[in-house]
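Worksheet: one structure, shown below.
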Amino acid sequence: MKYSELFTSLMGTKIHIKVLHDSPGEILKKCNKLLDEYNRRYSIYNNDSELMYVNSNAHIHPIKVNNDLFELIKLGKMHSVDENSNLNVCIGPIVKLWNIGFHNAKIPSNKELYEKLNIINPTDLILDKENKTIFFNKKGMEIDLGAVAKGYFADKILEYLKSENVLSAIINLGGNILTHGFNLESPDINWKIGLQDAQLTRGNHIMMLEINDLSIVTSGIYERKLIINDKSYHHIFDSKTGYPIETDMTSLSIISKKSVDCEIWSSKLFGKSFDEIEKICLSEKHIEAIAQYKNGEVKFTKGVHKYILWRK
């Protein structure tokens, strides 16, 4: 039996799913169908998605949504309202204002920032658990699930693969990695995941990790940026200032069982001191962290040691 693969692109990201199964065609066809469904429901790149309908109308009246979308928004809001969290599912208006990574990226005026800062408070996102409705307290608010959605999709795909008795698989949603079982193509049967060196071009690794039945997700500032007058502006924003988070950190990778947890914590903790990151990882118990810095330094929590095959 050989591995079979699906390559596609959705929601602004490249997707690769690899499975070992005696009927891989139907399995991968269903995975593709699930991804299309998620795109129709959650994508901000699809003007006809359920999420975009919410963004266009939830300031007028409460909008009833699919249960999965409601639960994902609820999860995002829960982590967004935590004190000092760098995750904010309502940050969309600020992201669009800067538009970093696109041809029309710019530094906004103070007036523009002030206007948008008034409509990104996640406490103004009103959720009715009983009726599964979403309401915005302020016109102009938007939900952006970019910091949680890919991890959630990966977990959902894996849930399906397990239901079909797939014993070995790897899911890669734009660099968000989730492994299942062991890699039977590898001599030592371990999945090997290279961690990008934030100082170098794509494909250069700073360490190689052996990760089985785990996910790893990285938030980083080394690819999408705006450079004006020799000053670099990255795309991870501070909800208090509307400017990119000020930090010497270039990337933060989180390892955990669930991919959605990796995505949430890689955003939530990005730019924090490593002492604080270590304390939170010890407290949460189910997450480990690897941080890279502008000076080339790499720091990681104690639990990461057992996954490292080699490092620079």
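If you're wondering about the labels, chains in the structure tokens are A, B, ... by order shown, residues count from 1 in each chain, ligands from 1 in order shown.
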List as JSON lines every residue of region 105-165 of chain A that is in contact with region 175-178 of chain A, defined as an atom at most 8 Å from one of its atoms (using only C-alpha atoms), together with the nearest atom pair and the distance in Å rounded to one decimal, sorted by chain and then rising number.
```
{"residue": "A:Lys150", "atom": "CA", "partner": "A:Asn176", "partner_atom": "CA", "distance": 7.2}
{"residue": "A:Gly151", "atom": "CA", "partner": "A:Asn176", "partner_atom": "CA", "distance": 6.9}
{"residue": "A:Ala154", "atom": "CA", "partner": "A:Leu178", "partner_atom": "CA", "distance": 6.9}
{"residue": "A:Asp155", "atom": "CA", "partner": "A:Leu178", "partner_atom": "CA", "distance": 7.9}
```
Suppose we keep N, CA and C atoms; can you now write the selection as a compact mmCIF listing (two decimals), in the first residue's frame?
```txt
# COMPACT_ATOMS: atom_id res chain seq x y z
N LYS A 150 -7.53 27.74 10.08
CA LYS A 150 -6.79 26.63 9.46
C LYS A 150 -6.56 25.49 10.44
N GLY A 151 -6.27 25.82 11.68
CA GLY A 151 -6.11 24.79 12.69
C GLY A 151 -7.40 24.01 12.92
N ALA A 154 -7.94 21.69 9.95
CA ALA A 154 -7.05 20.52 10.03
C ALA A 154 -7.60 19.48 11.00
N ASP A 155 -8.06 19.94 12.16
CA ASP A 155 -8.63 19.03 13.15
C ASP A 155 -9.88 18.34 12.62
```
Which residues of region 63-111 of chain A come within 9 Å of region 232-247 of chain A, and what is each one's closest atom pair and distance in Å (one decimal), counting only C-alpha atoms, sorted by chain and residue number, as a tab-separated table?
```
residue	atom	partner	partner_atom	distance
A:Asn86	CA	A:Asp238	CA	6.8
A:Leu87	CA	A:Ser239	CA	8.6
A:Asn88	CA	A:Ser239	CA	7.3
A:Ile91	CA	A:Ser239	CA	7.0
A:Ile94	CA	A:Gly242	CA	6.3
A:Val95	CA	A:His235	CA	7.4
A:Trp98	CA	A:His235	CA	8.2
A:Asn99	CA	A:His235	CA	8.3
A:Ile100	CA	A:His235	CA	6.0
A:Gly101	CA	A:His235	CA	7.9
A:Ile107	CA	A:Tyr233	CA	8.7
```
Atoms to include: N, CA, C and O atoms. Write the selected residues as a compact mmCIF listing (two decimals), in the first residue's frame.
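Output (selection.txt):
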```txt
# COMPACT_ATOMS: atom_id res chain seq x y z
N ASN A 86 -2.72 38.66 22.43
CA ASN A 86 -2.39 39.26 21.14
C ASN A 86 -3.21 38.65 20.01
O ASN A 86 -2.96 38.94 18.84
N LEU A 87 -4.20 37.85 20.37
CA LEU A 87 -5.16 37.33 19.40
C LEU A 87 -6.42 38.19 19.47
O LEU A 87 -6.90 38.52 20.56
N ASN A 88 -6.93 38.59 18.32
CA ASN A 88 -8.17 39.36 18.28
C ASN A 88 -8.91 39.03 16.99
O ASN A 88 -8.49 39.41 15.90
N ILE A 91 -9.89 42.00 14.59
CA ILE A 91 -8.81 42.88 14.13
C ILE A 91 -8.92 43.22 12.65
O ILE A 91 -8.19 44.09 12.14
N ILE A 94 -8.31 46.73 10.98
CA ILE A 94 -6.92 47.21 11.04
C ILE A 94 -6.08 46.51 9.98
O ILE A 94 -5.26 47.14 9.29
N VAL A 95 -6.28 45.20 9.84
CA VAL A 95 -5.53 44.43 8.83
C VAL A 95 -5.79 44.99 7.44
O VAL A 95 -4.87 45.19 6.64
N TRP A 98 -4.01 48.51 6.72
CA TRP A 98 -2.60 48.41 6.35
C TRP A 98 -2.42 47.62 5.04
O TRP A 98 -1.60 47.96 4.21
N ASN A 99 -3.17 46.51 4.91
CA ASN A 99 -3.14 45.65 3.72
C ASN A 99 -1.74 45.13 3.39
O ASN A 99 -1.37 45.01 2.21
N ILE A 100 -0.99 44.81 4.42
CA ILE A 100 0.39 44.34 4.23
C ILE A 100 0.40 42.99 3.51
O ILE A 100 -0.38 42.09 3.81
N GLY A 101 1.29 42.89 2.53
CA GLY A 101 1.36 41.70 1.69
C GLY A 101 0.69 41.90 0.34
O GLY A 101 0.78 41.03 -0.53
N ILE A 107 1.05 52.87 5.21
CA ILE A 107 0.98 53.25 6.62
C ILE A 107 -0.24 54.14 6.78
O ILE A 107 -0.33 55.21 6.16
```
Where does DSSP see helix (DSSP H, G or I) in region 81-139 of chain A, if you list the residues as an NGL selection string? :A and (92-98 or 110-117 or 122-124)
Residue neighbourhood Lys14 (chain A), 10 Å, only C-alpha atoms, exclusion window fewer than 2 positions, as a PDB file with all heavy atoms, in the first residue's frame:
```pdb
ATOM      1  N   PHE A   7      -3.268  17.793  -3.567  1.00  0.00           N
ATOM      2  CA  PHE A   7      -2.692  19.131  -3.613  1.00  0.00           C
ATOM      3  C   PHE A   7      -3.776  20.078  -4.108  1.00  0.00           C
ATOM      4  O   PHE A   7      -4.379  19.847  -5.157  1.00  0.00           O
ATOM      5  CB  PHE A   7      -1.495  19.201  -4.570  1.00  0.00           C
ATOM      6  CG  PHE A   7      -0.306  18.391  -4.126  1.00  0.00           C
ATOM      7  CD1 PHE A   7      -0.156  17.078  -4.539  1.00  0.00           C
ATOM      8  CD2 PHE A   7       0.665  18.954  -3.304  1.00  0.00           C
ATOM      9  CE1 PHE A   7       0.944  16.328  -4.140  1.00  0.00           C
ATOM     10  CE2 PHE A   7       1.766  18.207  -2.894  1.00  0.00           C
ATOM     11  CZ  PHE A   7       1.906  16.899  -3.312  1.00  0.00           C
ATOM     12  N   THR A   8      -4.029  21.136  -3.353  1.00  0.00           N
ATOM     13  CA  THR A   8      -5.025  22.117  -3.787  1.00  0.00           C
ATOM     14  C   THR A   8      -4.699  23.468  -3.154  1.00  0.00           C
ATOM     15  O   THR A   8      -3.717  23.604  -2.420  1.00  0.00           O
ATOM     16  CB  THR A   8      -6.455  21.655  -3.419  1.00  0.00           C
ATOM     17  OG1 THR A   8      -7.402  22.553  -4.006  1.00  0.00           O
ATOM     18  CG2 THR A   8      -6.660  21.602  -1.920  1.00  0.00           C
ATOM     19  N   SER A   9      -5.517  24.447  -3.444  1.00  0.00           N
ATOM     20  CA  SER A   9      -5.314  25.783  -2.890  1.00  0.00           C
ATOM     21  C   SER A   9      -6.673  26.387  -2.592  1.00  0.00           C
ATOM     22  O   SER A   9      -7.545  26.432  -3.466  1.00  0.00           O
ATOM     23  CB  SER A   9      -4.549  26.666  -3.871  1.00  0.00           C
ATOM     24  OG  SER A   9      -4.291  27.935  -3.323  1.00  0.00           O
ATOM     25  N   LEU A  10      -6.850  26.821  -1.362  1.00  0.00           N
ATOM     26  CA  LEU A  10      -8.109  27.431  -0.936  1.00  0.00           C
ATOM     27  C   LEU A  10      -7.817  28.469   0.147  1.00  0.00           C
ATOM     28  O   LEU A  10      -6.842  28.344   0.882  1.00  0.00           O
ATOM     29  CB  LEU A  10      -9.070  26.381  -0.364  1.00  0.00           C
ATOM     30  CG  LEU A  10      -9.920  25.546  -1.326  1.00  0.00           C
ATOM     31  CD1 LEU A  10     -10.737  24.542  -0.539  1.00  0.00           C
ATOM     32  CD2 LEU A  10     -10.834  26.414  -2.168  1.00  0.00           C
ATOM     33  N   MET A  11      -8.696  29.477   0.235  1.00  0.00           N
ATOM     34  CA  MET A  11      -8.626  30.463   1.310  1.00  0.00           C
ATOM     35  C   MET A  11      -7.251  31.136   1.382  1.00  0.00           C
ATOM     36  O   MET A  11      -6.727  31.420   2.456  1.00  0.00           O
ATOM     37  CB  MET A  11      -8.980  29.826   2.662  1.00  0.00           C
ATOM     38  CG  MET A  11     -10.375  29.253   2.696  1.00  0.00           C
ATOM     39  SD  MET A  11     -10.690  28.107   4.062  1.00  0.00           S
ATOM     40  CE  MET A  11      -9.781  26.654   3.521  1.00  0.00           C
ATOM     41  N   GLY A  12      -6.652  31.341   0.207  1.00  0.00           N
ATOM     42  CA  GLY A  12      -5.376  32.033   0.155  1.00  0.00           C
ATOM     43  C   GLY A  12      -4.195  31.213   0.618  1.00  0.00           C
ATOM     44  O   GLY A  12      -3.143  31.774   0.936  1.00  0.00           O
ATOM     45  N   HIS A  16      -1.857  20.513   1.291  1.00  0.00           N
ATOM     46  CA  HIS A  16      -1.319  19.197   0.941  1.00  0.00           C
ATOM     47  C   HIS A  16      -1.783  18.186   1.992  1.00  0.00           C
ATOM     48  O   HIS A  16      -1.550  18.387   3.187  1.00  0.00           O
ATOM     49  CB  HIS A  16       0.222  19.261   0.904  1.00  0.00           C
ATOM     50  CG  HIS A  16       0.864  17.932   0.660  1.00  0.00           C
ATOM     51  ND1 HIS A  16       2.092  17.592   1.191  1.00  0.00           N
ATOM     52  CD2 HIS A  16       0.459  16.849  -0.057  1.00  0.00           C
ATOM     53  CE1 HIS A  16       2.417  16.378   0.813  1.00  0.00           C
ATOM     54  NE2 HIS A  16       1.444  15.902   0.056  1.00  0.00           N
ATOM     55  N   ASN A 172      -1.187  19.392   5.745  1.00  0.00           N
ATOM     56  CA  ASN A 172      -0.418  20.638   5.704  1.00  0.00           C
ATOM     57  C   ASN A 172      -1.293  21.714   5.087  1.00  0.00           C
ATOM     58  O   ASN A 172      -1.537  21.713   3.876  1.00  0.00           O
ATOM     59  CB  ASN A 172       0.865  20.437   4.888  1.00  0.00           C
ATOM     60  CG  ASN A 172       1.737  21.688   4.851  1.00  0.00           C
ATOM     61  OD1 ASN A 172       1.303  22.781   5.191  1.00  0.00           O
ATOM     62  ND2 ASN A 172       2.965  21.535   4.414  1.00  0.00           N
ATOM     63  N   LEU A 173      -1.789  22.623   5.911  1.00  0.00           N
ATOM     64  CA  LEU A 173      -2.611  23.730   5.436  1.00  0.00           C
ATOM     65  C   LEU A 173      -1.779  25.007   5.510  1.00  0.00           C
ATOM     66  O   LEU A 173      -1.766  25.699   6.523  1.00  0.00           O
ATOM     67  CB  LEU A 173      -3.891  23.869   6.275  1.00  0.00           C
ATOM     68  CG  LEU A 173      -4.791  22.633   6.387  1.00  0.00           C
ATOM     69  CD1 LEU A 173      -6.094  22.989   7.090  1.00  0.00           C
ATOM     70  CD2 LEU A 173      -5.082  22.026   5.020  1.00  0.00           C
ATOM     71  N   GLY A 174      -1.044  25.263   4.442  1.00  0.00           N
ATOM     72  CA  GLY A 174      -0.239  26.475   4.383  1.00  0.00           C
ATOM     73  C   GLY A 174       0.807  26.576   5.466  1.00  0.00           C
ATOM     74  O   GLY A 174       1.074  27.672   5.979  1.00  0.00           O
ATOM     75  N   GLY A 175       1.416  25.443   5.827  1.00  0.00           N
ATOM     76  CA  GLY A 175       2.446  25.449   6.866  1.00  0.00           C
ATOM     77  C   GLY A 175       1.943  25.055   8.233  1.00  0.00           C
ATOM     78  O   GLY A 175       2.735  24.838   9.149  1.00  0.00           O
TER      79      GLY A 175
END
```
Across A:Ser168, A:Ile255, A:Ile206, A:Met141, the smallest distance to Ile189 (chain A), with only C-alpha atoms counted, is shown by A:Ser168
Can you pull out every residue within 7 Å of Asn55 (chain A), counting only C-alpha atoms, but drop anything in the same chain fewer than 4 positions away, and send it as a PyMOL selection string? chain A and resi 51+142-143
Polymer residues at most 10 Å from region 182-185 of chain A, only C-alpha atoms, same-chain spacing of 5 or more positions, as a list in words: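 These residues fall inside the cut-off: Lys2, Tyr3, Val19, Leu20, Leu167, Ser168, Ala169, Ile170, Asn190, Trp191, Lys192, Ile211, Asn212 and Asp213 of chain A.
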Selection file, C-alpha atoms, as a compact mmCIF listing (two decimals), in the first residue's frame:
```
# COMPACT_ATOMS: atom_id res chain seq x y z
CA LYS A 2 1.33 3.45 -0.97
CA TYR A 3 0.55 6.93 0.26
CA VAL A 19 -2.92 9.49 3.47
CA LEU A 20 -2.28 5.77 3.65
CA LEU A 167 -3.98 4.96 10.25
CA SER A 168 -1.31 7.27 8.82
CA ALA A 169 -1.61 10.80 7.42
CA ILE A 170 -0.13 14.27 7.31
CA ASN A 190 8.67 9.14 12.50
CA TRP A 191 7.20 12.18 10.77
CA LYS A 192 10.02 14.71 10.35
CA ILE A 211 6.35 14.81 15.55
CA ASN A 212 3.81 11.99 15.62
CA ASP A 213 0.11 12.51 16.41
```
Residues at most 12 Å from region 297-300 of chain A, counting only C-alpha atoms, excluding those fewer than 3 positions away in the same chain, as a VMD selection string? chain A and resid 195 to 199 206 to 207 248 to 255 273 to 275 277 to 278 281 287 to 294 303 to 308 311 to 312
Keeping only N, CA, C and O atoms, write the selected residues to a file as a compact mmCIF listing (two decimals), in the first residue's frame.
```txt
# COMPACT_ATOMS: atom_id res chain seq x y z
N LEU A 195 11.69 23.04 10.78
CA LEU A 195 11.23 24.35 11.25
C LEU A 195 12.00 25.43 10.50
O LEU A 195 13.23 25.49 10.56
N GLN A 196 11.28 26.28 9.80
CA GLN A 196 11.88 27.33 8.99
C GLN A 196 12.78 28.24 9.81
O GLN A 196 12.41 28.69 10.90
N ASP A 197 13.99 28.51 9.27
CA ASP A 197 14.88 29.49 9.87
C ASP A 197 14.37 30.88 9.49
O ASP A 197 14.34 31.22 8.30
N ALA A 198 13.93 31.65 10.47
CA ALA A 198 13.31 32.95 10.22
C ALA A 198 14.28 33.97 9.63
O ALA A 198 13.86 35.03 9.14
N GLN A 199 15.59 33.67 9.67
CA GLN A 199 16.59 34.59 9.13
C GLN A 199 16.88 34.32 7.64
O GLN A 199 17.51 35.15 6.98
N ILE A 206 15.98 25.59 10.77
CA ILE A 206 16.81 25.85 11.95
C ILE A 206 16.86 24.63 12.87
O ILE A 206 17.76 24.48 13.69
N MET A 207 15.86 23.76 12.74
CA MET A 207 15.87 22.49 13.46
C MET A 207 14.94 21.51 12.77
O MET A 207 14.05 21.91 12.00
N ASP A 248 11.24 41.80 19.28
CA ASP A 248 12.43 41.25 18.63
C ASP A 248 12.18 39.81 18.16
O ASP A 248 13.05 39.20 17.54
N MET A 249 11.01 39.28 18.48
CA MET A 249 10.65 37.93 18.06
C MET A 249 10.34 37.92 16.56
O MET A 249 9.64 38.81 16.06
N THR A 250 10.86 36.93 15.86
CA THR A 250 10.56 36.80 14.44
C THR A 250 9.56 35.68 14.16
O THR A 250 8.86 35.71 13.16
N SER A 251 9.51 34.68 15.03
CA SER A 251 8.51 33.63 14.86
C SER A 251 8.26 32.92 16.19
O SER A 251 9.14 32.87 17.06
N LEU A 252 7.06 32.41 16.32
CA LEU A 252 6.69 31.60 17.49
C LEU A 252 5.96 30.37 16.99
O LEU A 252 4.92 30.48 16.31
N SER A 253 6.51 29.20 17.30
CA SER A 253 5.90 27.93 16.90
C SER A 253 5.34 27.23 18.14
O SER A 253 5.99 27.20 19.18
N ILE A 254 4.15 26.69 18.00
CA ILE A 254 3.49 25.97 19.10
C ILE A 254 3.26 24.53 18.68
O ILE A 254 2.80 24.25 17.56
N ILE A 255 3.57 23.61 19.58
CA ILE A 255 3.33 22.17 19.37
C ILE A 255 2.23 21.73 20.34
O ILE A 255 2.30 22.03 21.53
N SER A 273 7.26 38.08 26.33
CA SER A 273 8.58 37.67 26.80
C SER A 273 8.60 36.16 26.91
O SER A 273 7.56 35.53 27.18
N PHE A 274 9.79 35.55 26.72
CA PHE A 274 9.82 34.09 26.76
C PHE A 274 9.56 33.57 28.16
O PHE A 274 9.03 32.46 28.33
N ASP A 275 9.90 34.34 29.18
CA ASP A 275 9.57 33.94 30.55
C ASP A 275 8.07 33.77 30.71
O ASP A 275 7.60 32.80 31.33
N ILE A 277 5.92 33.22 28.25
CA ILE A 277 5.51 32.09 27.41
C ILE A 277 5.75 30.78 28.16
O ILE A 277 4.89 29.88 28.16
N GLU A 278 6.92 30.65 28.80
CA GLU A 278 7.23 29.42 29.55
C GLU A 278 6.23 29.19 30.68
O GLU A 278 5.76 28.06 30.88
N CYS A 281 2.93 28.01 29.19
CA CYS A 281 3.04 26.63 28.70
C CYS A 281 3.00 25.63 29.87
O CYS A 281 2.38 24.58 29.78
N ILE A 287 0.72 22.51 25.72
CA ILE A 287 1.40 23.22 24.63
C ILE A 287 2.88 23.39 24.93
O ILE A 287 3.28 23.52 26.08
N GLU A 288 3.70 23.35 23.86
CA GLU A 288 5.13 23.64 23.93
C GLU A 288 5.43 24.73 22.91
O GLU A 288 4.71 24.88 21.91
N ALA A 289 6.50 25.50 23.15
CA ALA A 289 6.78 26.66 22.31
C ALA A 289 8.23 26.73 21.87
O ALA A 289 9.14 26.34 22.61
N ILE A 290 8.44 27.23 20.64
CA ILE A 290 9.78 27.52 20.11
C ILE A 290 9.75 28.94 19.56
O ILE A 290 8.93 29.25 18.69
N ALA A 291 10.62 29.81 20.07
CA ALA A 291 10.66 31.21 19.63
C ALA A 291 11.99 31.51 18.95
O ALA A 291 13.05 31.07 19.42
N GLN A 292 11.92 32.26 17.86
CA GLN A 292 13.12 32.75 17.18
C GLN A 292 13.16 34.27 17.27
O GLN A 292 12.10 34.92 17.29
N TYR A 293 14.38 34.83 17.29
CA TYR A 293 14.55 36.27 17.48
C TYR A 293 15.44 36.87 16.40
O TYR A 293 16.18 36.16 15.71
N LYS A 294 15.37 38.20 16.27
CA LYS A 294 16.09 38.91 15.22
C LYS A 294 17.60 38.71 15.30
O LYS A 294 18.29 38.74 14.28
N GLY A 303 9.78 20.88 27.21
CA GLY A 303 9.13 19.74 26.57
C GLY A 303 9.48 19.56 25.11
O GLY A 303 9.19 18.51 24.52
N VAL A 304 10.11 20.56 24.49
CA VAL A 304 10.46 20.48 23.07
C VAL A 304 11.64 19.55 22.84
O VAL A 304 11.78 18.93 21.78
N HIS A 305 12.51 19.40 23.85
CA HIS A 305 13.74 18.60 23.69
C HIS A 305 13.48 17.23 23.10
O HIS A 305 14.23 16.76 22.23
N LYS A 306 12.42 16.58 23.53
CA LYS A 306 12.18 15.19 23.10
C LYS A 306 11.79 15.09 21.62
O LYS A 306 11.82 14.00 21.04
N TYR A 307 11.43 16.22 21.00
CA TYR A 307 11.05 16.20 19.59
C TYR A 307 12.19 16.55 18.65
O TYR A 307 12.08 16.35 17.44
N ILE A 308 13.30 17.09 19.16
CA ILE A 308 14.37 17.61 18.31
C ILE A 308 15.26 16.48 17.79
O ILE A 308 15.87 15.76 18.56
N ARG A 311 19.43 20.38 15.46
CA ARG A 311 19.24 21.83 15.41
C ARG A 311 20.57 22.50 15.10
O ARG A 311 21.64 21.93 15.33
N LYS A 312 20.50 23.70 14.53
CA LYS A 312 21.71 24.46 14.22
C LYS A 312 22.39 24.91 15.51
O LYS A 312 21.71 25.21 16.50
```
Taking the DSSP secondary structure from the backbone, can you list the residues of region 239-311 of chain A that are strand (DSSP E), as a list of chain:residue names?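 For region 239-311 of chain A, the strand (DSSP E) set is A:Met249, A:Thr250, A:Ser251, A:Leu252, A:Ser253, A:Ile254, A:Ile255, A:Ser256, A:Glu288, A:Ala289, A:Ile290, A:Ala291, A:Gln292, A:Tyr293, A:Val298, A:Lys299, A:Phe300, A:Ile308, A:Leu309, A:Trp310, A:Arg311.
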Could you list, as a ChimeraX atom specification, every residue within 8 Å of region 129-134 of chain A, counting only C-alpha atoms and ignoring same-chain residues fewer than 2 positions away? /A:54,58,62-67,70,125-127,136
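Take CA of Val260 (chain A) and CA of Ile216 (chain A): the distance between them is 9.9 Å.
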